[in-house]
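**Q** What follows is model-v9.pdb, made up of PDB, C-alpha atoms:
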```pdb
MODEL        1
ATOM      1  CA  MET A  22       0.000   0.000   0.000
ATOM      2  CA  SER A  23       2.835   2.406   0.885
ATOM      3  CA  GLN A  24       4.438   1.806  -2.519
ATOM      4  CA  HIS A  25       1.147   2.606  -4.255
ATOM      5  CA  LEU A  26       0.851   5.891  -2.335
ATOM      6  CA  LEU A  27       4.477   6.728  -3.072
ATOM      7  CA  PHE A  28       3.911   6.095  -6.772
ATOM      8  CA  PHE A  29       0.727   8.180  -6.769
ATOM      9  CA  PHE A  30       2.190  11.258  -5.064
ATOM     10  CA  SER A  31       5.488  11.157  -6.944
ATOM     11  CA  LEU A  32       3.755  10.909 -10.324
ATOM     12  CA  LEU A  33       1.075  13.454  -9.394
ATOM     13  CA  GLY A  34       3.420  16.405  -9.713
ATOM     14  CA  SER A  35       4.758  15.284 -13.084
ATOM     15  CA  PHE A  36       1.309  14.618 -14.560
ATOM     16  CA  ASN A  37      -0.231  17.845 -13.237
ATOM     17  CA  GLY A  38       2.870  19.798 -14.216
ATOM     18  CA  ILE A  39       2.575  18.768 -17.865
ATOM     19  CA  ALA A  40      -1.128  19.693 -17.846
ATOM     20  CA  LEU A  41      -0.339  23.058 -16.214
ATOM     21  CA  ALA A  42       2.470  23.752 -18.680
ATOM     22  CA  CYS A  43       0.109  23.187 -21.616
ATOM     23  CA  PHE A  44      -2.481  25.477 -20.033
ATOM     24  CA  LEU A  45       0.073  28.239 -19.359
ATOM     25  CA  TRP A  46       1.389  28.034 -22.914
ATOM     26  CA  TRP A  47      -2.135  28.194 -24.334
ATOM     27  CA  ARG A  48      -3.005  31.208 -22.159
ATOM     28  CA  ALA A  49       0.291  33.022 -22.797
ATOM     29  CA  ARG A  50      -1.064  34.878 -25.855
ATOM     30  CA  GLY A  51       2.308  36.227 -26.870
ATOM     31  CA  ARG A  52       3.564  36.959 -23.337
ATOM     32  CA  PRO A  53       7.177  35.717 -23.349
ATOM     33  CA  THR A  54       7.449  35.498 -19.551
ATOM     34  CA  GLN A  55       4.484  33.143 -19.311
ATOM     35  CA  ARG A  56       5.875  31.059 -22.155
ATOM     36  CA  TRP A  57       9.175  30.715 -20.292
ATOM     37  CA  LEU A  58       7.258  29.686 -17.178
ATOM     38  CA  ALA A  59       5.280  27.097 -19.145
ATOM     39  CA  LEU A  60       8.480  25.696 -20.645
ATOM     40  CA  LEU A  61      10.145  25.544 -17.231
ATOM     41  CA  VAL A  62       7.215  23.655 -15.675
ATOM     42  CA  TRP A  63       7.179  21.257 -18.642
ATOM     43  CA  LEU A  64      10.924  20.538 -18.385
ATOM     44  CA  VAL A  65      10.758  19.879 -14.638
ATOM     45  CA  SER A  66       7.727  17.638 -15.202
ATOM     46  CA  VAL A  67       9.611  15.585 -17.794
ATOM     47  CA  ARG A  68      12.634  15.323 -15.499
ATOM     48  CA  THR A  69      10.618  14.168 -12.480
ATOM     49  CA  GLY A  70       8.525  11.844 -14.632
ATOM     50  CA  LYS A  71      11.741  10.138 -15.717
ATOM     51  CA  SER A  72      12.704   9.767 -12.044
ATOM     52  CA  VAL A  73       9.409   8.059 -11.234
ATOM     53  CA  ALA A  74       9.790   5.685 -14.171
ATOM     54  CA  TYR A  75      13.362   4.782 -13.234
ATOM     55  CA  HIS A  76      12.572   4.347  -9.518
ATOM     56  CA  PHE A  77       9.678   1.953 -10.042
ATOM     57  CA  TRP A  78      10.944   0.301 -13.242
ATOM     58  CA  PRO A  79      14.789   0.254 -13.152
ATOM     59  CA  GLU A  80      14.817  -1.571 -16.479
ATOM     60  CA  VAL A  81      13.102   1.363 -18.234
ATOM     61  CA  SER A  82      14.572   2.278 -21.616
ATOM     62  CA  ARG A  83      17.812   4.282 -21.616
ATOM     63  CA  THR A  84      16.119   6.610 -24.101
ATOM     64  CA  VAL A  85      13.579   7.623 -21.459
ATOM     65  CA  GLN A  86      16.409   8.338 -19.036
ATOM     66  CA  GLN A  87      18.251  10.312 -21.700
ATOM     67  CA  VAL A  88      15.204  12.501 -22.385
ATOM     68  CA  GLY A  89      14.818  13.226 -18.661
ATOM     69  CA  LEU A  90      18.472  14.166 -18.257
ATOM     70  CA  SER A  91      18.299  16.404 -21.334
ATOM     71  CA  ALA A  92      15.340  18.213 -19.797
ATOM     72  CA  TRP A  93      17.348  18.565 -16.574
ATOM     73  CA  PHE A  94      20.143  20.211 -18.572
ATOM     74  CA  LEU A  95      17.792  22.863 -19.992
ATOM     75  CA  ILE A  96      15.987  23.714 -16.739
ATOM     76  CA  GLY A  97      18.747  26.069 -15.546
ATOM     77  CA  PRO A  98      18.886  28.204 -18.695
ATOM     78  CA  CYS A  99      15.088  28.286 -18.810
ATOM     79  CA  LEU A 100      14.922  29.597 -15.224
ATOM     80  CA  PHE A 101      17.552  32.221 -16.021
ATOM     81  CA  PHE A 102      15.687  33.519 -19.070
ATOM     82  CA  LEU A 103      12.374  33.398 -17.206
ATOM     83  CA  LEU A 104      13.693  35.815 -14.584
ATOM     84  CA  ARG A 105      15.407  37.954 -17.209
ATOM     85  CA  SER A 106      12.141  38.210 -19.122
ATOM     86  CA  GLY A 107       9.948  38.827 -16.079
ATOM     87  CA  LEU A 108      12.176  41.486 -14.511
ATOM     88  CA  GLY A 109      13.846  43.068 -17.528
ATOM     89  CA  PRO A 110      12.919  46.311 -19.311
ATOM     90  CA  SER A 111      12.030  44.332 -22.403
ATOM     91  CA  ALA A 112      10.549  40.857 -22.730
ATOM     92  CA  GLY A 113      12.228  40.218 -26.089
ATOM     93  CA  LEU A 114      15.430  38.258 -26.663
ATOM     94  CA  GLN A 115      18.507  40.127 -27.773
ATOM     95  CA  ARG A 116      20.862  38.777 -30.405
ATOM     96  CA  VAL A 117      23.334  37.498 -27.803
ATOM     97  CA  ASP A 118      20.466  35.698 -26.048
ATOM     98  CA  ARG A 119      19.529  33.915 -29.269
ATOM     99  CA  TRP A 120      23.141  32.810 -29.710
ATOM    100  CA  HIS A 121      23.185  31.675 -26.095
ATOM    101  CA  LEU A 122      20.063  29.560 -26.524
ATOM    102  CA  GLY A 123      21.181  28.283 -29.905
ATOM    103  CA  LEU A 124      24.458  26.989 -28.494
ATOM    104  CA  LEU A 125      22.683  25.257 -25.604
ATOM    105  CA  ILE A 126      20.204  23.559 -27.922
ATOM    106  CA  ALA A 127      23.013  22.558 -30.297
ATOM    107  CA  LEU A 128      24.996  21.070 -27.403
ATOM    108  CA  THR A 129      21.930  19.138 -26.214
ATOM    109  CA  LEU A 130      21.286  17.729 -29.690
ATOM    110  CA  ALA A 131      24.959  16.840 -30.160
ATOM    111  CA  LEU A 132      25.082  14.912 -26.880
ATOM    112  CA  ASN A 133      21.875  13.038 -27.682
ATOM    113  CA  LEU A 134      22.798  12.175 -31.265
ATOM    114  CA  LEU A 135      26.560  11.595 -31.002
ATOM    115  CA  LEU A 136      26.739  10.098 -27.513
ATOM    116  CA  PRO A 137      23.448   8.291 -26.850
ATOM    117  CA  TYR A 138      23.072   7.174 -23.257
ATOM    118  CA  ALA A 139      22.425   3.531 -24.125
ATOM    119  CA  GLN A 140      25.811   3.137 -25.857
ATOM    120  CA  HIS A 141      27.876   5.468 -23.631
ATOM    121  CA  VAL A 142      26.669   4.839 -20.084
ATOM    122  CA  ARG A 143      30.111   5.296 -18.544
ATOM    123  CA  ILE A 144      30.657   8.652 -20.259
ATOM    124  CA  TRP A 145      27.266   9.907 -19.099
ATOM    125  CA  TRP A 146      27.816   8.808 -15.506
ATOM    126  CA  THR A 147      31.396  10.122 -15.401
ATOM    127  CA  TRP A 148      31.074  13.401 -17.276
ATOM    128  CA  VAL A 149      27.626  14.283 -18.603
ATOM    129  CA  ILE A 150      25.449  13.838 -15.498
ATOM    130  CA  PRO A 151      27.885  15.634 -13.109
ATOM    131  CA  GLY A 152      28.247  18.368 -15.736
ATOM    132  CA  VAL A 153      24.478  18.742 -16.039
ATOM    133  CA  ASN A 154      24.101  19.015 -12.253
ATOM    134  CA  ALA A 155      26.899  21.575 -12.045
ATOM    135  CA  GLY A 156      25.454  23.516 -14.967
ATOM    136  CA  LEU A 157      22.018  23.697 -13.362
ATOM    137  CA  LEU A 158      23.553  24.976 -10.137
ATOM    138  CA  ALA A 159      25.525  27.600 -12.082
ATOM    139  CA  TYR A 160      22.396  28.858 -13.852
ATOM    140  CA  TRP A 161      20.473  28.875 -10.558
ATOM    141  CA  LEU A 162      23.188  31.086  -9.082
ATOM    142  CA  LEU A 163      22.994  33.344 -12.155
ATOM    143  CA  ALA A 164      19.227  33.531 -11.653
ATOM    144  CA  THR A 165      19.860  34.474  -8.017
ATOM    145  CA  LEU A 166      22.122  37.277  -9.223
ATOM    146  CA  VAL A 167      19.364  38.514 -11.551
ATOM    147  CA  LEU A 168      16.924  38.556  -8.625
ATOM    148  CA  TRP A 169      19.364  40.512  -6.484
ATOM    149  CA  ARG A 170      20.245  43.076  -9.150
ATOM    150  CA  ARG A 171      16.614  43.639 -10.104
ATOM    151  CA  ARG A 172      15.053  43.378  -6.673
ATOM    152  CA  ALA A 173      13.463  46.813  -7.130
ATOM    153  CA  GLN A 174      11.556  45.587 -10.189
ATOM    154  CA  LEU A 175      10.644  42.419  -8.326
ATOM    155  CA  SER A 176       8.824  44.387  -5.653
ATOM    156  CA  ASP A 177       6.672  45.980  -8.382
ATOM    157  CA  ALA A 178       6.177  43.053 -10.743
ATOM    158  CA  GLN A 179       2.729  41.487 -11.024
ATOM    159  CA  SER A 180       4.426  38.122 -11.475
ATOM    160  CA  ALA A 181       6.636  38.424  -8.384
ATOM    161  CA  LEU A 182       5.162  35.353  -6.649
ATOM    162  CA  PRO A 183       5.460  33.012  -9.675
ATOM    163  CA  LEU A 184       9.017  34.199 -10.336
ATOM    164  CA  LEU A 185      10.112  33.704  -6.747
ATOM    165  CA  GLY A 186       8.285  30.376  -6.628
ATOM    166  CA  ALA A 187      10.064  29.166  -9.767
ATOM    167  CA  TRP A 188      13.463  30.234  -8.412
ATOM    168  CA  ALA A 189      12.934  28.663  -4.979
ATOM    169  CA  GLY A 190      11.271  25.546  -6.406
ATOM    170  CA  VAL A 191      14.091  24.757  -8.829
ATOM    171  CA  GLY A 192      16.618  25.257  -6.021
ATOM    172  CA  LEU A 193      14.723  22.906  -3.715
ATOM    173  CA  ILE A 194      14.355  20.225  -6.397
ATOM    174  CA  TRP A 195      18.075  20.467  -7.253
ATOM    175  CA  VAL A 196      18.973  19.985  -3.569
ATOM    176  CA  ALA A 197      16.570  17.016  -3.362
ATOM    177  CA  TYR A 198      18.285  15.277  -6.283
ATOM    178  CA  TRP A 199      21.779  16.261  -5.122
ATOM    179  CA  THR A 200      21.195  14.676  -1.715
ATOM    180  CA  SER A 201      19.320  11.652  -3.077
ATOM    181  CA  THR A 202      22.294   9.427  -2.218
ATOM    182  CA  TYR A 203      21.501   9.995   1.439
ATOM    183  CA  THR A 204      17.698   9.969   1.135
ATOM    184  CA  SER A 205      15.980   8.433  -1.879
ATOM    185  CA  TYR A 206      16.007   9.095  -5.616
ATOM    186  CA  ILE A 207      12.240   9.614  -5.585
ATOM    187  CA  VAL A 208      12.555  12.598  -3.203
ATOM    188  CA  GLY A 209      13.146  14.909  -6.176
ATOM    189  CA  ALA A 210       9.817  13.972  -7.741
ATOM    190  CA  LEU A 211       8.031  14.247  -4.399
ATOM    191  CA  SER A 212       9.587  17.686  -3.890
ATOM    192  CA  PHE A 213       8.193  18.822  -7.237
ATOM    193  CA  THR A 214       4.723  17.600  -6.258
ATOM    194  CA  PHE A 215       4.971  19.599  -3.035
ATOM    195  CA  VAL A 216       6.316  22.739  -4.770
ATOM    196  CA  LEU A 217       3.644  22.591  -7.469
ATOM    197  CA  ALA A 218       0.810  22.079  -4.983
ATOM    198  CA  PHE A 219       2.072  24.892  -2.758
ATOM    199  CA  SER A 220       2.471  27.272  -5.721
ATOM    200  CA  LEU A 221      -1.042  26.541  -6.975
ATOM    201  CA  LEU A 222      -2.433  27.154  -3.491
ATOM    202  CA  ILE A 223      -0.706  30.531  -3.260
ATOM    203  CA  ALA A 224      -1.873  31.471  -6.775
ATOM    204  CA  TRP A 225      -5.446  30.505  -5.925
ATOM    205  CA  ARG A 226      -5.400  32.611  -2.751
ATOM    206  CA  VAL A 227      -4.034  35.620  -4.631
ATOM    207  CA  TYR A 228      -6.356  35.470  -7.619
ATOM    208  CA  SER A 229      -9.436  34.589  -5.592
ATOM    209  CA  GLY A 230      -8.934  37.687  -3.471
ATOM    210  CA  GLN A 231      -8.038  35.913  -0.239
ATOM    211  CA  ALA A 232      -4.610  37.518  -0.133
ATOM    212  CA  ALA A 233      -4.420  40.969   1.328
ATOM    213  CA  ILE A 234      -4.789  43.815  -1.175
ATOM    214  CA  GLU A 235      -4.711  47.537  -0.674
ATOM    215  CA  PRO A 236      -8.268  48.961  -0.693
ATOM    216  CA  TYR A 237      -9.471  52.191  -2.286
ATOM    217  CA  GLN A 238      -9.512  55.247  -0.100
ATOM    218  CA  ASP A 239     -12.851  56.098   1.489
ATOM    219  CA  LYS A 240     -13.174  59.539  -0.107
ATOM    220  CA  ARG A 241     -12.770  60.761  -3.656
ATOM    221  CA  ILE A 242      -9.627  62.565  -4.740
ATOM    222  CA  PRO A 243     -10.277  66.344  -4.858
ATOM    223  CA  PRO A 244     -10.511  67.663  -8.461
ATOM    224  CA  ASP A 245      -7.521  70.015  -8.156
ATOM    225  CA  GLU A 246      -5.365  67.283  -6.676
ATOM    226  CA  ALA A 247      -6.508  64.819  -9.344
ATOM    227  CA  ARG A 248      -5.663  67.246 -12.165
ATOM    228  CA  ALA A 249      -2.191  67.745 -10.731
ATOM    229  CA  TYR A 250      -1.634  63.994 -10.486
ATOM    230  CA  LEU A 251      -2.908  63.380 -14.024
ATOM    231  CA  THR A 252      -0.624  66.118 -15.395
ATOM    232  CA  GLN A 253       2.301  64.555 -13.542
ATOM    233  CA  LEU A 254       1.358  61.121 -14.859
ATOM    234  CA  ASP A 255       1.131  62.280 -18.479
ATOM    235  CA  ALA A 256       4.460  64.093 -18.170
ATOM    236  CA  LEU A 257       6.101  60.966 -16.759
ATOM    237  CA  MET A 258       4.700  58.755 -19.513
ATOM    238  CA  ALA A 259       5.731  61.195 -22.249
ATOM    239  CA  GLY A 260       9.121  62.156 -20.811
ATOM    240  CA  GLU A 261      10.363  58.639 -20.080
ATOM    241  CA  ALA A 262       8.240  56.706 -22.601
ATOM    242  CA  LEU A 263       7.287  54.198 -19.920
ATOM    243  CA  TYR A 264       4.575  52.783 -22.174
ATOM    244  CA  ARG A 265       7.314  51.227 -24.313
ATOM    245  CA  ASP A 266       8.042  48.739 -21.547
ATOM    246  CA  PRO A 267       5.801  45.711 -22.284
ATOM    247  CA  THR A 268       6.080  44.575 -18.660
ATOM    248  CA  LEU A 269       4.902  47.873 -17.165
ATOM    249  CA  SER A 270       2.403  47.208 -14.376
ATOM    250  CA  LEU A 271       0.124  49.342 -12.244
ATOM    251  CA  GLN A 272       2.347  48.627  -9.239
ATOM    252  CA  ARG A 273       5.486  49.841 -10.986
ATOM    253  CA  LEU A 274       3.807  52.962 -12.339
ATOM    254  CA  ALA A 275       2.422  53.790  -8.894
ATOM    255  CA  ARG A 276       5.907  53.426  -7.446
ATOM    256  CA  ARG A 277       7.304  55.857 -10.020
ATOM    257  CA  MET A 278       4.522  58.314  -9.195
ATOM    258  CA  GLY A 279       5.119  57.956  -5.475
ATOM    259  CA  LEU A 280       1.486  56.949  -4.931
ATOM    260  CA  PRO A 281      -0.169  53.896  -3.381
ATOM    261  CA  GLN A 282      -1.332  51.474  -6.046
ATOM    262  CA  ALA A 283      -4.958  51.817  -4.934
ATOM    263  CA  LYS A 284      -4.839  55.603  -5.225
ATOM    264  CA  LEU A 285      -3.426  55.498  -8.754
ATOM    265  CA  SER A 286      -6.103  52.991  -9.762
ATOM    266  CA  GLN A 287      -8.760  55.263  -8.217
ATOM    267  CA  LEU A 288      -7.276  58.270 -10.017
ATOM    268  CA  LEU A 289      -7.539  56.575 -13.404
ATOM    269  CA  ASN A 290     -10.961  55.043 -12.844
ATOM    270  CA  ASP A 291     -12.759  57.869 -11.022
ATOM    271  CA  ASN A 292     -11.004  60.967 -12.301
ATOM    272  CA  ASN A 293      -9.903  59.905 -15.772
ATOM    273  CA  GLN A 294     -12.783  57.487 -16.544
ATOM    274  CA  THR A 295     -10.413  54.802 -17.769
ATOM    275  CA  SER A 296      -8.715  51.687 -16.479
ATOM    276  CA  PHE A 297      -4.951  51.276 -16.279
ATOM    277  CA  LYS A 298      -5.044  48.852 -19.205
ATOM    278  CA  GLN A 299      -7.038  51.273 -21.359
ATOM    279  CA  TYR A 300      -4.826  54.198 -20.369
ATOM    280  CA  LEU A 301      -1.685  52.280 -21.298
ATOM    281  CA  SER A 302      -3.198  51.029 -24.565
ATOM    282  CA  GLN A 303      -4.034  54.587 -25.610
ATOM    283  CA  TRP A 304      -0.443  55.705 -25.112
ATOM    284  CA  ARG A 305       0.867  52.746 -27.078
ATOM    285  CA  VAL A 306      -1.615  53.204 -29.906
ATOM    286  CA  ASP A 307      -0.723  56.907 -30.144
ATOM    287  CA  ALA A 308       2.955  55.953 -30.330
ATOM    288  CA  ALA A 309       2.174  53.360 -33.012
ATOM    289  CA  LYS A 310       0.265  55.968 -35.051
ATOM    290  CA  ALA A 311       3.329  58.214 -35.040
ATOM    291  CA  LEU A 312       5.479  55.302 -36.224
ATOM    292  CA  LEU A 313       2.975  54.414 -38.951
ATOM    293  CA  ARG A 314       3.122  58.007 -40.223
ATOM    294  CA  ASP A 315       6.915  57.836 -40.469
ATOM    295  CA  ALA A 316       8.362  58.388 -43.933
ATOM    296  CA  GLN A 317      10.484  55.242 -43.530
ATOM    297  CA  PRO A 318       7.882  52.527 -42.933
ATOM    298  CA  ARG A 319       8.612  49.670 -40.540
ATOM    299  CA  SER A 320       7.073  46.238 -40.405
ATOM    300  CA  MET A 321       4.019  45.820 -38.192
ATOM    301  CA  GLU A 322       6.036  43.636 -35.808
ATOM    302  CA  GLU A 323       8.645  46.396 -35.439
ATOM    303  CA  VAL A 324       5.950  49.007 -34.841
ATOM    304  CA  ALA A 325       4.270  46.821 -32.229
ATOM    305  CA  GLU A 326       7.532  46.210 -30.371
ATOM    306  CA  ALA A 327       8.625  49.853 -30.505
ATOM    307  CA  ALA A 328       5.248  51.003 -29.136
ATOM    308  CA  GLY A 329       5.415  48.591 -26.192
ATOM    309  CA  PHE A 330       3.015  45.848 -27.254
ATOM    310  CA  GLN A 331       3.909  42.303 -26.278
ATOM    311  CA  SER A 332       2.813  40.822 -29.594
ATOM    312  CA  ALA A 333       1.562  41.808 -33.039
ATOM    313  CA  SER A 334      -1.873  40.341 -32.315
ATOM    314  CA  THR A 335      -2.261  42.434 -29.153
ATOM    315  CA  PHE A 336      -1.206  45.504 -31.149
ATOM    316  CA  TYR A 337      -3.715  44.761 -33.905
ATOM    317  CA  ASN A 338      -6.618  44.258 -31.500
ATOM    318  CA  ALA A 339      -5.872  47.355 -29.409
ATOM    319  CA  PHE A 340      -5.360  49.565 -32.457
ATOM    320  CA  LYS A 341      -8.583  48.496 -34.158
ATOM    321  CA  LYS A 342     -10.553  48.852 -30.931
ATOM    322  CA  LEU A 343      -9.389  52.440 -30.336
ATOM    323  CA  GLU A 344      -9.106  53.698 -33.918
ATOM    324  CA  GLY A 345     -11.792  51.677 -35.676
ATOM    325  CA  VAL A 346      -9.393  50.585 -38.427
ATOM    326  CA  THR A 347      -6.492  48.185 -38.697
ATOM    327  CA  PRO A 348      -2.908  49.496 -38.505
ATOM    328  CA  ALA A 349      -2.389  48.644 -42.175
ATOM    329  CA  ALA A 350      -5.528  50.558 -43.200
ATOM    330  CA  TYR A 351      -4.443  53.530 -41.090
ATOM    331  CA  ARG A 352      -1.001  53.591 -42.747
ATOM    332  CA  LYS A 353      -2.548  53.356 -46.206
ATOM    333  CA  ALA A 354      -4.939  56.223 -45.470
ATOM    334  CA  VAL A 355      -2.103  58.416 -44.185
ATOM    335  CA  GLN A 356       0.085  57.695 -47.200
ATOM    336  CA  SER A 357      -2.697  58.464 -49.688
ATOM    337  CA  SER A 358      -3.700  61.749 -48.034
TER     338      SER A 358
ENDMDL
END
```
Any chance you could give the structure as structure tokens?
**A**
Amino acid sequence: MSQHLLFFFSLLGSFNGIALACFLWWRARGRPTQRWLALLVWLVSVRTGKSVAYHFWPEVSRTVQQVGLSAWFLIGPCLFFLLRSGLGPSAGLQRVDRWHLGLLIALTLALNLLLPYAQHVRIWWTWVIPGVNAGLLAYWLLATLVLWRRRAQLSDAQSALPLLGAWAGVGLIWVAYWTSTYTSYIVGALSFTFVLAFSLLIAWRVYSGQAAIEPYQDKRIPPDEARAYLTQLDALMAGEALYRDPTLSLQRLARRMGLPQAKLSQLLNDNNQTSFKQYLSQWRVDAAKALLRDAQPRSMEEVAEAAGFQSASTFYNAFKKLEGVTPAAYRKAVQSS
């Protein structure tokens, strides 16, 4: 009976993790940070699923073990880029990042194709597996450095809890596998089940409103004070082009204004008759219109990125909603006038 329970709880995290990763990827809608999170959850799920298979069926195919170890190799870089994306000024990958990822993927493919685990067990146990473990630790430390350097952004980010949960969870799972010689190999998979369940519980409490949030003030903001704040807000948005940051959140903008988040939300809703999302979309659409009127036309993807939109589809939908025409139709009308 104990073995059945052990199998159930160890596999539960892997199975639910794959389902969650698919859901996160489907709901990402062009948001790179959520795509990185989905990929990270999927990789950890594959790695822990391999552990469950090997623990209960030691004769499992070497190919299955190889796939799990390859996923383990990519978890560290994925965590690093997740934090870079979630806390950086831009969610897009730079050229050096693409080279970085390309080399990692090429190395993974080379190891799998040129040195398959089934034919080179000794090499994998002597060099590859220790190297993978060391590499994951190195990337976890790099991710820790990113958290430390960008701790100010972390305090404002909407995704602070998922980012911290991913960082802490990967560290805990690495420790569980590293110490498995003294405990049990299945502890890593059980740790993932615990981390995933705990993270989902926290997310549910936050999004269901059970976590503490800052309420609106009891009285309305006086008109003169509201006008001064709105003028300051417009000047800040125009002067520093904050709308160009695709990760800009209400919390971060409130911090820049020196206002409580609830007061800024009240200012926009009650005194400006708009939500934060609508306010930000208007700034980005206005910026896109200026780019579309430029004598040297850019591609729609370039316009969307330069205006602060996370994806071309988000840009298209916001532009058509506010202007009544598509970006392409707007550009054509401007050029023909």
**Q** Using all atoms listed in the file, find the one residue out of A:Leu285, A:Leu134, A:Leu124, A:Leu58 that sits nearest to Ala42 of chain A.
**A**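 Counting all atoms listed in the file, the residue closest to Ala42 of chain A is A:Leu58.
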**Q** Restricting the calculation to all atoms listed in the file, which member of A:Ser106, A:Gln115, A:Thr69, A:Gln87 is positioned closest to Ser35 of chain A?
**A** A:Thr69
**Q** Can you give me, as a list in words, the residues this file yields under the PyMOL selection byres ((chain A and resi 327) around 9)?
**A**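 After applying the PyMOL selection byres ((chain A and resi 327) around 9), what remains is Arg265, Arg305, Ala308, Ala309, Leu312, Glu322, Glu323, Val324, Ala325, Glu326, Ala328, Gly329 and Phe330 of chain A.
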**Q** Given the file shown, determine the residues that the PyMOL selection byres ((chain A and resi 257-261) around 10) selects; report them as a PyMOL selection string.
**A** chain A and resi 251-256+262-265+274+277-278+301+304
**Q** So what does the PyMOL selection byres ((chain A and resi 346-352) around 12) actually pick up in this one, as an MDAnalysis selection string?
**A** chainID A and resid 306:322 324:325 333:345 353:358
**Q** List the spatial neighbours of Gly190 of chain A as a PyMOL selection string - criterion: any atom at most 12 Å away, only C-alpha atoms, same-chain residues fewer than 5 positions off excluded.
**A** chain A and resi 61-62+65+96-97+100+161+182-185+195-197+209-220
**Q** Could you take the residues named above and write them with C-alpha atoms, as a PDB file, in the coordinates of the input?
**A**
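Dumped everything to again_33.pdb:
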```
ATOM      1  CA  LEU A  61      10.145  25.544 -17.231  1.00  0.00           C
ATOM      2  CA  VAL A  62       7.215  23.655 -15.675  1.00  0.00           C
ATOM      3  CA  VAL A  65      10.758  19.879 -14.638  1.00  0.00           C
ATOM      4  CA  ILE A  96      15.987  23.714 -16.739  1.00  0.00           C
ATOM      5  CA  GLY A  97      18.747  26.069 -15.546  1.00  0.00           C
ATOM      6  CA  LEU A 100      14.922  29.597 -15.224  1.00  0.00           C
ATOM      7  CA  TRP A 161      20.473  28.875 -10.558  1.00  0.00           C
ATOM      8  CA  LEU A 182       5.162  35.353  -6.649  1.00  0.00           C
ATOM      9  CA  PRO A 183       5.460  33.012  -9.675  1.00  0.00           C
ATOM     10  CA  LEU A 184       9.017  34.199 -10.336  1.00  0.00           C
ATOM     11  CA  LEU A 185      10.112  33.704  -6.747  1.00  0.00           C
ATOM     12  CA  TRP A 195      18.075  20.467  -7.253  1.00  0.00           C
ATOM     13  CA  VAL A 196      18.973  19.985  -3.569  1.00  0.00           C
ATOM     14  CA  ALA A 197      16.570  17.016  -3.362  1.00  0.00           C
ATOM     15  CA  GLY A 209      13.146  14.909  -6.176  1.00  0.00           C
ATOM     16  CA  ALA A 210       9.817  13.972  -7.741  1.00  0.00           C
ATOM     17  CA  LEU A 211       8.031  14.247  -4.399  1.00  0.00           C
ATOM     18  CA  SER A 212       9.587  17.686  -3.890  1.00  0.00           C
ATOM     19  CA  PHE A 213       8.193  18.822  -7.237  1.00  0.00           C
ATOM     20  CA  THR A 214       4.723  17.600  -6.258  1.00  0.00           C
ATOM     21  CA  PHE A 215       4.971  19.599  -3.035  1.00  0.00           C
ATOM     22  CA  VAL A 216       6.316  22.739  -4.770  1.00  0.00           C
ATOM     23  CA  LEU A 217       3.644  22.591  -7.469  1.00  0.00           C
ATOM     24  CA  ALA A 218       0.810  22.079  -4.983  1.00  0.00           C
ATOM     25  CA  PHE A 219       2.072  24.892  -2.758  1.00  0.00           C
ATOM     26  CA  SER A 220       2.471  27.272  -5.721  1.00  0.00           C
TER      27      SER A 220
END
```
**Q** Which is closest to Asn37 of chain A among A:Val208, A:Leu221, A:Leu288, A:Leu132, if we use only C-alpha atoms?
**A**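 Ranking A:Val208, A:Leu221, A:Leu288, A:Leu132 by distance to Asn37 of chain A, first place goes to A:Leu221.
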**Q** Could you tell me how far atom CA of Leu95 of chain A lies from atom CA of Phe29 of chain A, in Å and to one decimal?
**A**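 Calculated distance between atom CA of Leu95 of chain A and atom CA of Phe29 of chain A is 26.1 Å.
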**Q** Please, which residues are within 12 Å of (10.2, 5.5, -9.1) by the file's coordinates, counting all atoms listed in the file, and could they come as a ChimeraX atom specification?
**A** /A:24-32,35,68-81,205-211
**Q** Could you state the separation of atom CA of Val153 of chain A and atom CA of Gln86 of chain A in Å, given to one decimal place?
**A**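 Result for atom CA of Val153 of chain A versus atom CA of Gln86 of chain A: 13.5 Å, one decimal.
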**Q** Hey, what's within 12 Å of segment 136-146 of chain A if we count only C-alpha atoms and toss same-chain stuff fewer than 4 positions away? As a list in words, please?
**A** Glu80, Val81, Ser82, Arg83, Thr84, Val85, Gln86, Gln87, Val88, Gly89, Leu90, Ser91, Leu128, Thr129, Leu130, Ala131, Leu132, Ile150, Pro151, Gly152, Val153 and Asn154 of chain A
**Q** Interatomic distance between atom CA of Arg172 of chain A and atom CA of Trp188 of chain A?
**A**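 One can read the atom CA of Arg172 of chain A to atom CA of Trp188 of chain A distance as 13.4 Å.
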**Q** Put the listed atoms of segment 325-331 of chain A in a box along x, y and z with 5 Å added on every side and give me the centre and edge lengths in Å to one decimal, as JSON.
**A**
```
{"center_x": 5.8, "center_y": 46.7, "center_z": -29.2, "size_x": 15.6, "size_y": 18.7, "size_z": 16.0}
```
